[in-house]
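Next up, model-v7.cif (mmCIF, C-alpha atoms and all ligand atoms; chains and numbers go by the auth columns):
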data_run
#
loop_
_atom_site.group_PDB
_atom_site.id
_atom_site.type_symbol
_atom_site.label_atom_id
_atom_site.label_comp_id
_atom_site.label_asym_id
_atom_site.label_seq_id
_atom_site.Cartn_x
_atom_site.Cartn_y
_atom_site.Cartn_z
_atom_site.B_iso_or_equiv
_atom_site.auth_seq_id
_atom_site.auth_asym_id
ATOM 1 C CA MET A 1 2.202 -0.961 -24.963 0.00 174 A
ATOM 2 C CA GLU A 2 -0.187 0.300 -22.297 0.00 175 A
ATOM 3 C CA SER A 3 -1.031 -2.008 -19.438 0.00 176 A
ATOM 4 C CA ASN A 4 -3.572 -1.320 -16.733 0.00 177 A
ATOM 5 C CA LYS A 5 -0.949 -2.037 -14.076 0.00 178 A
ATOM 6 C CA PRO A 6 2.115 -0.079 -13.003 0.00 179 A
ATOM 7 C CA THR A 7 5.513 -1.726 -13.498 0.00 180 A
ATOM 8 C CA LEU A 8 8.294 -1.436 -10.962 0.00 181 A
ATOM 9 C CA HIS A 9 11.873 -1.698 -12.180 0.00 182 A
ATOM 10 C CA TYR A 10 13.571 -3.204 -9.162 0.00 183 A
ATOM 11 C CA MET A 11 17.325 -3.433 -8.910 0.00 184 A
ATOM 12 C CA GLN A 12 18.953 -5.929 -6.576 0.00 185 A
ATOM 13 C CA ASN A 13 20.528 -4.442 -3.432 0.00 186 A
ATOM 14 C CA SER A 14 18.989 -1.020 -3.783 0.00 187 A
ATOM 15 C CA GLY A 15 16.294 1.346 -2.588 0.00 188 A
ATOM 16 C CA SER A 16 13.850 -0.358 -4.950 0.00 189 A
ATOM 17 C CA GLN A 17 12.961 -2.485 -1.945 0.00 190 A
ATOM 18 C CA GLN A 18 11.099 0.410 -0.305 0.00 191 A
ATOM 19 C CA SER A 19 8.999 0.978 -3.469 0.00 192 A
ATOM 20 C CA LEU A 20 8.172 -2.716 -3.628 0.00 193 A
ATOM 21 C CA TRP A 21 7.262 -2.637 0.063 0.00 194 A
ATOM 22 C CA LEU A 22 4.752 0.164 -0.649 0.00 195 A
ATOM 23 C CA LEU A 23 3.264 -1.724 -3.622 0.00 196 A
ATOM 24 C CA GLU A 24 2.762 -4.699 -1.345 0.00 197 A
ATOM 25 C CA GLU A 25 1.184 -2.526 1.353 0.00 198 A
ATOM 26 C CA LEU A 26 -1.249 -1.118 -1.202 0.00 199 A
ATOM 27 C CA GLY A 27 -2.188 -4.631 -2.265 0.00 200 A
ATOM 28 C CA ILE A 28 -2.623 -3.638 -5.922 0.00 201 A
ATOM 29 C CA GLU A 29 -1.700 -5.580 -9.016 0.00 202 A
ATOM 30 C CA TYR A 30 1.603 -4.629 -10.571 0.00 203 A
ATOM 31 C CA ASP A 31 4.333 -5.995 -12.810 0.00 204 A
ATOM 32 C CA LEU A 32 7.856 -6.418 -11.544 0.00 205 A
ATOM 33 C CA VAL A 33 11.018 -6.295 -13.644 0.00 206 A
ATOM 34 C CA LEU A 34 14.050 -7.511 -11.717 0.00 207 A
ATOM 35 C CA HIS A 35 17.514 -6.189 -12.605 0.00 208 A
ATOM 36 C CA GLU A 36 20.745 -7.600 -11.269 0.00 209 A
ATOM 37 C CA ARG A 37 23.279 -5.243 -9.773 0.00 210 A
ATOM 38 C CA PRO A 38 26.831 -6.236 -10.521 0.00 211 A
ATOM 39 C CA GLY A 39 28.062 -2.813 -9.348 0.00 212 A
ATOM 40 C CA ARG A 40 26.624 0.249 -11.085 0.00 213 A
ATOM 41 C CA ALA A 41 23.081 0.118 -12.494 0.00 214 A
ATOM 42 C CA PRO A 42 22.655 -2.008 -15.639 0.00 215 A
ATOM 43 C CA ALA A 43 22.326 -0.228 -19.011 0.00 216 A
ATOM 44 C CA ALA A 44 18.728 -1.467 -19.369 0.00 217 A
ATOM 45 C CA LEU A 45 17.630 1.094 -16.790 0.00 218 A
ATOM 46 C CA LYS A 46 18.707 3.889 -19.170 0.00 219 A
ATOM 47 C CA GLU A 47 16.191 2.623 -21.703 0.00 220 A
ATOM 48 C CA THR A 48 13.283 3.405 -19.405 0.00 221 A
ATOM 49 C CA HIS A 49 14.519 6.667 -17.831 0.00 222 A
ATOM 50 C CA PRO A 50 17.400 8.978 -18.793 0.00 223 A
ATOM 51 C CA LEU A 51 18.868 8.880 -15.284 0.00 224 A
ATOM 52 C CA GLY A 52 19.290 5.121 -15.531 0.00 225 A
ATOM 53 C CA LYS A 53 18.811 4.572 -11.785 0.00 226 A
ATOM 54 C CA SER A 54 16.562 2.405 -9.718 0.00 227 A
ATOM 55 C CA PRO A 55 13.837 2.365 -8.654 0.00 228 A
ATOM 56 C CA GLN A 56 11.692 3.384 -11.605 0.00 229 A
ATOM 57 C CA LEU A 57 7.955 3.065 -11.864 0.00 230 A
ATOM 58 C CA VAL A 58 6.267 2.889 -15.251 0.00 231 A
ATOM 59 C CA THR A 59 2.692 3.991 -14.645 0.00 232 A
ATOM 60 C CA ALA A 60 -0.330 2.310 -16.194 0.00 233 A
ATOM 61 C CA SER A 61 -0.404 5.094 -18.782 0.00 234 A
ATOM 62 C CA GLY A 62 3.250 4.556 -19.711 0.00 235 A
ATOM 63 C CA ARG A 63 4.944 7.438 -17.902 0.00 236 A
ATOM 64 C CA THR A 64 8.174 6.607 -16.099 0.00 237 A
ATOM 65 C CA ILE A 65 8.733 8.088 -12.666 0.00 238 A
ATOM 66 C CA ALA A 66 12.153 8.006 -11.003 0.00 239 A
ATOM 67 C CA GLU A 67 13.097 8.831 -7.387 0.00 240 A
ATOM 68 C CA ARG A 68 11.671 6.831 -4.501 0.00 241 A
ATOM 69 C CA SER A 69 9.988 9.801 -2.931 0.00 242 A
ATOM 70 C CA ALA A 70 8.122 10.704 -6.142 0.00 243 A
ATOM 71 C CA ILE A 71 7.207 7.069 -6.771 0.00 244 A
ATOM 72 C CA ALA A 72 5.717 6.839 -3.269 0.00 245 A
ATOM 73 C CA LEU A 73 3.793 10.086 -3.823 0.00 246 A
ATOM 74 C CA TYR A 74 2.393 8.796 -7.113 0.00 247 A
ATOM 75 C CA LEU A 75 1.450 5.380 -5.741 0.00 248 A
ATOM 76 C CA ILE A 76 -0.255 6.714 -2.633 0.00 249 A
ATOM 77 C CA GLU A 77 -2.127 9.459 -4.501 0.00 250 A
ATOM 78 C CA THR A 78 -3.221 7.072 -7.234 0.00 251 A
ATOM 79 C CA TYR A 79 -4.023 3.875 -5.377 0.00 252 A
ATOM 80 C CA ASP A 80 -4.554 4.637 -1.686 0.00 253 A
ATOM 81 C CA LYS A 81 -8.254 5.355 -2.029 0.00 254 A
ATOM 82 C CA GLU A 82 -8.979 4.725 1.648 0.00 255 A
ATOM 83 C CA GLY A 83 -6.157 6.980 2.811 0.00 256 A
ATOM 84 C CA ARG A 84 -4.479 4.213 4.815 0.00 257 A
ATOM 85 C CA PHE A 85 -1.005 5.612 4.129 0.00 258 A
ATOM 86 C CA LYS A 86 -1.863 9.298 4.102 0.00 259 A
ATOM 87 C CA VAL A 87 -1.706 11.843 6.871 0.00 260 A
ATOM 88 C CA PRO A 88 -5.201 12.854 8.014 0.00 261 A
ATOM 89 C CA THR A 89 -6.638 16.245 7.092 0.00 262 A
ATOM 90 C CA PRO A 90 -7.759 18.518 9.980 0.00 263 A
ATOM 91 C CA GLU A 91 -11.366 17.578 9.134 0.00 264 A
ATOM 92 C CA GLN A 92 -10.586 13.865 9.372 0.00 265 A
ATOM 93 C CA ASP A 93 -8.606 14.097 12.596 0.00 266 A
ATOM 94 C CA PRO A 94 -8.424 17.443 14.412 0.00 267 A
ATOM 95 C CA ASP A 95 -6.586 15.769 17.267 0.00 268 A
ATOM 96 C CA TRP A 96 -3.727 14.589 15.046 0.00 269 A
ATOM 97 C CA ASN A 97 -3.423 18.024 13.507 0.00 270 A
ATOM 98 C CA SER A 98 -3.150 19.729 16.882 0.00 271 A
ATOM 99 C CA LYS A 99 -0.287 17.625 18.190 0.00 272 A
ATOM 100 C CA ASP A 100 2.713 19.111 16.413 0.00 273 A
ATOM 101 C CA ASN A 101 1.935 17.036 13.349 0.00 274 A
ATOM 102 C CA ASP A 102 1.784 19.169 10.263 0.00 275 A
ATOM 103 C CA LYS A 103 3.150 19.480 6.736 0.00 276 A
ATOM 104 C CA PHE A 104 6.010 21.732 7.849 0.00 277 A
ATOM 105 C CA ARG A 105 7.299 19.165 10.308 0.00 278 A
ATOM 106 C CA GLU A 106 6.845 16.485 7.660 0.00 279 A
ATOM 107 C CA GLU A 107 8.754 18.543 5.090 0.00 280 A
ATOM 108 C CA GLN A 108 11.590 19.082 7.554 0.00 281 A
ATOM 109 C CA LEU A 109 11.884 15.332 8.035 0.00 282 A
ATOM 110 C CA PHE A 110 11.703 14.617 4.293 0.00 283 A
ATOM 111 C CA SER A 111 14.462 17.118 3.770 0.00 284 A
ATOM 112 C CA ILE A 112 16.631 15.543 6.462 0.00 285 A
ATOM 113 C CA GLY A 113 16.303 12.198 4.692 0.00 286 A
ATOM 114 C CA ASN A 114 16.492 13.193 1.043 0.00 287 A
ATOM 115 C CA THR A 115 19.198 15.805 1.309 0.00 288 A
ATOM 116 C CA THR A 116 21.205 15.632 4.518 0.00 289 A
ATOM 117 C CA LEU A 117 21.245 11.932 5.374 0.00 290 A
ATOM 118 C CA ASP A 118 21.496 10.978 1.719 0.00 291 A
ATOM 119 C CA SER A 119 24.725 12.936 1.281 0.00 292 A
ATOM 120 C CA LEU A 120 26.257 12.074 4.667 0.00 293 A
ATOM 121 C CA ILE A 121 25.657 8.338 4.299 0.00 294 A
ATOM 122 C CA ASN A 122 26.657 8.260 0.640 0.00 295 A
ATOM 123 C CA MET A 123 29.890 10.063 1.434 0.00 296 A
ATOM 124 C CA LYS A 124 30.702 7.524 4.111 0.00 297 A
ATOM 125 C CA THR A 125 29.804 4.591 1.895 0.00 298 A
ATOM 126 C CA THR A 126 31.623 5.913 -1.177 0.00 299 A
ATOM 127 C CA LEU A 127 34.821 6.335 0.791 0.00 300 A
ATOM 128 C CA ALA A 128 34.546 2.752 2.001 0.00 301 A
ATOM 129 C CA VAL A 129 33.939 1.495 -1.556 0.00 302 A
ATOM 130 C CA PHE A 130 36.915 3.452 -2.940 0.00 303 A
ATOM 131 C CA ALA A 131 39.158 2.291 -0.140 0.00 304 A
ATOM 132 C CA ASN A 132 38.316 -1.301 -1.033 0.00 305 A
ATOM 133 C CA HIS A 133 38.783 -0.878 -4.782 0.00 306 A
ATOM 134 C CA THR A 134 42.108 0.924 -5.034 0.00 307 A
ATOM 135 C CA PRO A 135 45.517 -0.634 -5.600 0.00 308 A
ATOM 136 C CA PHE A 136 47.138 -1.799 -2.384 0.00 309 A
ATOM 137 C CA PHE A 137 49.755 0.994 -2.318 0.00 310 A
ATOM 138 C CA ILE A 138 47.062 3.730 -2.298 0.00 311 A
ATOM 139 C CA TRP A 139 44.848 1.853 0.111 0.00 312 A
ATOM 140 C CA PRO A 140 46.497 3.095 3.346 0.00 313 A
ATOM 141 C CA ILE A 141 46.205 6.718 2.162 0.00 314 A
ATOM 142 C CA LEU A 142 42.510 6.368 1.383 0.00 315 A
ATOM 143 C CA LEU A 143 41.899 4.574 4.647 0.00 316 A
ATOM 144 C CA GLY A 144 43.622 7.456 6.428 0.00 317 A
ATOM 145 C CA VAL A 145 41.391 9.997 4.636 0.00 318 A
ATOM 146 C CA LYS A 146 38.340 7.890 5.416 0.00 319 A
ATOM 147 C CA TYR A 147 39.264 7.601 9.096 0.00 320 A
ATOM 148 C CA THR A 148 39.822 11.357 9.412 0.00 321 A
ATOM 149 C CA LEU A 149 36.593 12.307 7.643 0.00 322 A
ATOM 150 C CA ASP A 150 34.604 9.704 9.586 0.00 323 A
ATOM 151 C CA THR A 151 35.872 10.736 13.002 0.00 324 A
ATOM 152 C CA MET A 152 36.041 14.501 12.453 0.00 325 A
ATOM 153 C CA PHE A 153 32.809 15.013 10.543 0.00 326 A
ATOM 154 C CA LEU A 154 30.627 12.207 9.241 0.00 327 A
ATOM 155 C CA ASN A 155 30.090 10.172 12.403 0.00 328 A
ATOM 156 C CA THR A 156 29.221 13.186 14.548 0.00 329 A
ATOM 157 C CA GLU A 157 26.881 14.621 11.912 0.00 330 A
ATOM 158 C CA ILE A 158 25.072 11.321 11.402 0.00 331 A
ATOM 159 C CA ASP A 159 24.762 10.961 15.173 0.00 332 A
ATOM 160 C CA ASN A 160 23.400 14.512 15.421 0.00 333 A
ATOM 161 C CA TYR A 161 20.647 13.775 12.891 0.00 334 A
ATOM 162 C CA PHE A 162 19.873 10.332 14.243 0.00 335 A
ATOM 163 C CA LYS A 163 19.434 11.751 17.764 0.00 336 A
ATOM 164 C CA PHE A 164 17.046 14.331 16.346 0.00 337 A
ATOM 165 C CA LEU A 165 15.046 11.686 14.459 0.00 338 A
ATOM 166 C CA ASP A 166 14.985 9.511 17.563 0.00 339 A
ATOM 167 C CA ALA A 167 13.452 12.382 19.559 0.00 340 A
ATOM 168 C CA GLU A 168 10.915 13.013 16.788 0.00 341 A
ATOM 169 C CA LEU A 169 9.644 9.451 17.251 0.00 342 A
ATOM 170 C CA GLU A 170 8.831 10.058 20.913 0.00 343 A
ATOM 171 C CA GLY A 171 5.207 8.994 21.381 0.00 344 A
ATOM 172 C CA ARG A 172 4.851 8.091 17.677 0.00 345 A
ATOM 173 C CA GLU A 173 4.727 4.648 16.087 0.00 346 A
ATOM 174 C CA TYR A 174 5.519 6.083 12.671 0.00 347 A
ATOM 175 C CA PHE A 175 7.164 9.374 11.805 0.00 348 A
ATOM 176 C CA ASN A 176 3.912 11.204 11.193 0.00 349 A
ATOM 177 C CA GLY A 177 2.306 9.878 14.361 0.00 350 A
ATOM 178 C CA THR A 178 -0.096 7.678 12.382 0.00 351 A
ATOM 179 C CA LYS A 179 -1.064 4.045 12.910 0.00 352 A
ATOM 180 C CA ASN A 180 0.257 3.021 9.494 0.00 353 A
ATOM 181 C CA PRO A 181 3.441 4.084 7.736 0.00 354 A
ATOM 182 C CA THR A 182 3.093 7.126 5.464 0.00 355 A
ATOM 183 C CA ARG A 183 5.269 8.263 2.557 0.00 356 A
ATOM 184 C CA LEU A 184 7.710 9.704 5.077 0.00 357 A
ATOM 185 C CA ASP A 185 8.326 6.237 6.543 0.00 358 A
ATOM 186 C CA PHE A 186 8.719 4.593 3.124 0.00 359 A
ATOM 187 C CA VAL A 187 11.355 7.212 2.326 0.00 360 A
ATOM 188 C CA MET A 188 13.092 7.354 5.700 0.00 361 A
ATOM 189 C CA GLN A 189 13.301 3.586 6.100 0.00 362 A
ATOM 190 C CA TRP A 190 15.773 3.518 3.204 0.00 363 A
ATOM 191 C CA TYR A 191 18.142 6.003 4.840 0.00 364 A
ATOM 192 C CA VAL A 192 18.011 4.237 8.171 0.00 365 A
ATOM 193 C CA ASP A 193 18.629 0.849 6.558 0.00 366 A
ATOM 194 C CA LEU A 194 21.424 2.288 4.427 0.00 367 A
ATOM 195 C CA ALA A 195 23.004 3.825 7.513 0.00 368 A
ATOM 196 C CA ALA A 196 22.749 0.549 9.442 0.00 369 A
ATOM 197 C CA GLN A 197 23.890 -1.832 6.724 0.00 370 A
ATOM 198 C CA SER A 198 26.159 0.286 4.636 0.00 371 A
ATOM 199 C CA ALA A 199 27.573 2.888 6.999 0.00 372 A
ATOM 200 C CA ARG A 200 27.464 0.557 10.015 0.00 373 A
ATOM 201 C CA VAL A 201 25.475 2.905 12.216 0.00 374 A
ATOM 202 C CA ASP A 202 24.468 1.021 15.357 0.00 375 A
ATOM 203 C CA LEU A 203 20.697 1.433 15.643 0.00 376 A
ATOM 204 C CA SER A 204 20.672 0.233 19.237 0.00 377 A
ATOM 205 C CA SER A 205 22.075 3.664 20.163 0.00 378 A
ATOM 206 C CA TYR A 206 18.773 5.167 18.984 0.00 379 A
ATOM 207 C CA PRO A 207 16.070 3.075 20.699 0.00 380 A
ATOM 208 C CA ARG A 208 13.032 4.787 19.155 0.00 381 A
ATOM 209 C CA ILE A 209 14.502 4.560 15.659 0.00 382 A
ATOM 210 C CA LYS A 210 15.346 0.913 16.310 0.00 383 A
ATOM 211 C CA ALA A 211 11.769 0.199 17.484 0.00 384 A
ATOM 212 C CA TRP A 212 10.333 2.043 14.445 0.00 385 A
ATOM 213 C CA PHE A 213 12.685 0.205 12.099 0.00 386 A
ATOM 214 C CA ASP A 214 11.726 -3.164 13.607 0.00 387 A
ATOM 215 C CA ARG A 215 8.063 -2.174 13.297 0.00 388 A
ATOM 216 C CA CYS A 216 8.572 -1.473 9.586 0.00 389 A
ATOM 217 C CA ILE A 217 10.442 -4.687 8.808 0.00 390 A
ATOM 218 C CA SER A 218 8.053 -6.848 10.775 0.00 391 A
ATOM 219 C CA ARG A 219 5.170 -5.782 8.515 0.00 392 A
ATOM 220 C CA PRO A 220 3.998 -8.660 6.288 0.00 393 A
ATOM 221 C CA ALA A 221 4.209 -6.384 3.231 0.00 394 A
ATOM 222 C CA TRP A 222 7.938 -5.725 3.856 0.00 395 A
ATOM 223 C CA LYS A 223 8.548 -9.468 4.133 0.00 396 A
ATOM 224 C CA ARG A 224 6.608 -10.225 0.960 0.00 397 A
ATOM 225 C CA ALA A 225 8.592 -7.545 -0.871 0.00 398 A
ATOM 226 C CA LEU A 226 11.845 -9.161 0.270 0.00 399 A
ATOM 227 C CA GLU A 227 10.659 -12.497 -1.120 0.00 400 A
ATOM 228 C CA LYS A 228 9.581 -11.027 -4.456 0.00 401 A
ATOM 229 C CA GLY A 229 12.747 -8.979 -5.027 0.00 402 A
ATOM 230 C CA ASN A 230 16.057 -10.431 -6.178 0.00 403 A
ATOM 231 C CA GLY A 231 18.173 -9.584 -3.141 0.00 404 A
ATOM 232 C CA TYR A 232 18.634 -6.760 -0.677 0.00 405 A
ATOM 233 C CA ASP A 233 22.131 -6.540 0.742 0.00 406 A
ATOM 234 C CA LEU A 234 23.465 -3.019 1.226 0.00 407 A
ATOM 235 C CA GLU A 235 27.070 -3.833 2.088 0.00 408 A
ATOM 236 C CA PHE A 236 28.236 -1.979 -1.003 0.00 409 A
ATOM 237 C CA TRP A 237 31.945 -2.268 -0.335 0.00 410 A
ATOM 238 C CA LYS A 238 31.656 -5.942 -1.312 0.00 411 A
ATOM 239 C CA MET A 239 30.525 -4.966 -4.826 0.00 412 A
ATOM 240 C CA LYS A 240 32.664 -4.836 -7.929 0.00 413 A
ATOM 241 C CA MET A 241 32.566 -1.289 -9.308 0.00 414 A
ATOM 242 C CA THR A 242 32.946 -2.322 -12.923 0.00 415 A
ATOM 243 C CA SER A 243 31.571 0.683 -14.821 0.00 416 A
HETATM 244 N N1 LIG B . 17.632 9.689 -5.121 0.00 501 B
HETATM 245 C C1 LIG B . 17.297 8.516 -5.914 0.00 501 B
HETATM 246 C C2 LIG B . 18.473 7.588 -5.879 0.00 501 B
HETATM 247 C C3 LIG B . 18.536 6.720 -7.106 0.00 501 B
HETATM 248 C C4 LIG B . 19.805 5.919 -7.027 0.00 501 B
HETATM 249 O O1 LIG B . 20.915 6.458 -6.961 0.00 501 B
HETATM 250 N N2 LIG B . 19.622 4.593 -7.005 0.00 501 B
HETATM 251 C C5 LIG B . 20.745 3.741 -6.846 0.00 501 B
HETATM 252 C C6 LIG B . 20.332 2.475 -6.126 0.00 501 B
HETATM 253 S S1 LIG B . 19.729 2.776 -4.498 0.00 501 B
HETATM 254 C C7 LIG B . 21.300 3.338 -8.203 0.00 501 B
HETATM 255 O O2 LIG B . 20.558 3.174 -9.156 0.00 501 B
HETATM 256 N N3 LIG B . 22.609 3.123 -8.218 0.00 501 B
HETATM 257 C C8 LIG B . 23.299 2.577 -9.323 0.00 501 B
HETATM 258 C C9 LIG B . 24.105 3.566 -10.077 0.00 501 B
HETATM 259 O O3 LIG B . 24.126 4.748 -9.709 0.00 501 B
HETATM 260 O O4 LIG B . 24.717 3.147 -11.049 0.00 501 B
HETATM 261 C C10 LIG B . 16.030 7.857 -5.368 0.00 501 B
HETATM 262 O O5 LIG B . 15.558 8.268 -4.306 0.00 501 B
HETATM 263 O O6 LIG B . 15.462 6.968 -6.015 0.00 501 B
#
Show the structure stored in the file as structure tokens.
Amino acid sequence: MESNKPTLHYMQNSGSQQSLWLLEELGIEYDLVLHERPGRAPAALKETHPLGKSPQLVTASGRTIAERSAIALYLIETYDKEGRFKVPTPEQDPDWNSKDNDKFREEQLFSIGNTTLDSLINMKTTLAVFANHTPFFIWPILLGVKYTLDTMFLNTEIDNYFKFLDAELEGREYFNGTKNPTRLDFVMQWYVDLAAQSARVDLSSYPRIKAWFDRCISRPAWKRALEKGNGYDLEFWKMKMTS
């Protein structure tokens, strides 16, 4: 049945939080369906989208969009009539557009989040989850593999990218140098939070990222989203991987 509101399928302890945060920033009416997360995503999420992941947004016309980045694009293009969460066009703000802020820089940063950080952090987290869910006699072997991969590759790569992102925030409150967060921040905030909570990256080593992160989570819309969701704890190794 068609509704005149979008519906967010929000799964506990997941990147649905960033989509809910954006809905709250936009201040629009929406419906929220909360799913618990025992381990993997519940089967109900396969009924609304073949990938069966969260978040998912069912638009007012009944189309289901998956992937946080695409959901943010849809929501901002559809509902941000005043352009509060958009980057300014050269006509709107020639100054912004002359200060190394452009779509190529933005695309580079999106790509760092959605491809590079996503795989590096997920690799680190998956190893930790496996190490905690294997029989005790295999455990030391997996821990050894995890230690070697962490120290020889993952930690240095994550540090490399985090230092780059930290430098990109020089003189900018948000990644695109705007006064409000843009889609890039709604996307990147997930990777930074995942790195901090799940991969135990110490944000205090990256002061500009830490300040940006604190700026994001001190926004009233972020706090409201936390209250409306059904939990946001990214320490995945505590979860039971049942299916
Ligand atoms: N790249 C996707 C990731 C979707 C995804 O993997 N979501 C996770 C939660 S953050 C999920 O549904 N995991 C449960 C599972 O894979 O069973 C996005 O940006 O939305």
- Of A:Asp204, A:Glu330, A:Glu280, A:Glu408, the one sitting nearest ligand LIG 501 (chain B) when using all atoms listed in the file is A:Glu408
- Task: Please work out which residues fall within 8 Å of (-3.7, 15.2, 11.4), coordinates as given in the file, with only C-alpha atoms counting, and return them as a ChimeraX atom specification.
- Result: /A:260-263,265-272,274-275
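When all atoms listed in the file are used to measure the gap to Leu399 in chain A, the shortest distance among A:Ala369, A:Leu376, A:Met184, A:Gln190 belongs to A:Gln190.
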- Task: Tell me which residues the PyMOL selection byres (((not hetatm)) within 7 of (chain B and resi 501)) grabs here, as a VMD selection string.
- Result: chain A and resid 187 to 189 213 to 214 225 to 228 239 to 242
- Quick one: of A:Glu341, A:Asp375, A:Glu400, A:Asp291, who's nearest to Leu193 in chain A, counting only C-alpha atoms? A:Glu400
- Query: Closest to Phe303 in chain A among A:Tyr347, A:Phe359, A:Leu316, A:Phe258, using only C-alpha atoms?
  - Reply: A:Leu316
- Query: Just so the selection is clear, what residues does the PyMOL selection byres (((chain A and resi 386) around 12) and not hetatm) cover here, as a ChimeraX atom specification?
  - Reply: /A:338-339,342,346-348,354,358-359,361-369,376-377,379-385,387-392,395
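Put simply, the PyMOL selection byres (((chain A and resi 282) around 10) and not hetatm) in this file takes in Lys276, Phe277, Arg278, Glu279, Glu280, Gln281, Phe283, Ser284, Ile285, Gly286, Asn287, Thr288, Thr289, Phe337, Leu338, Glu341, Phe348, Asn349, Leu357, Asp358, Val360 and Met361 of chain A.
Note that CA of Phe409 in chain A and CA of Thr355 in chain A are 27.5 Å apart.
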- Task: Rank A:Arg210, A:His182, A:Leu300, A:Glu343 by their smallest atom-to-atom distance to Asp406 in chain A, using all atoms listed in the file, and report the top residue only.
- Result: A:Arg210
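Atom pair CA of Asn328 in chain A / CA of Thr299 in chain A: separated by 14.3 Å.
Each of A:Ala216, A:Leu196, A:Val206, A:Ile294 was compared to Leu327 in chain A using only C-alpha atoms, and A:Ile294 turns out to be the nearest.
Distance-wise, CA of Lys178 in chain A and CA of Glu202 in chain A end up 6.2 Å apart.
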- Task: Identify the residues within 12 Å of coordinate (41.6, -3.7, -1.4) (same frame as the file), considering only C-alpha atoms, and give the answer as a list in words.
- Result: Ala301, Val302, Phe303, Ala304, Asn305, His306, Thr307, Pro308, Phe309, Phe310, Ile311, Trp312, Pro313, Ile314, Leu315, Leu316, Trp410, Lys411, Met412 and Lys413 of chain A
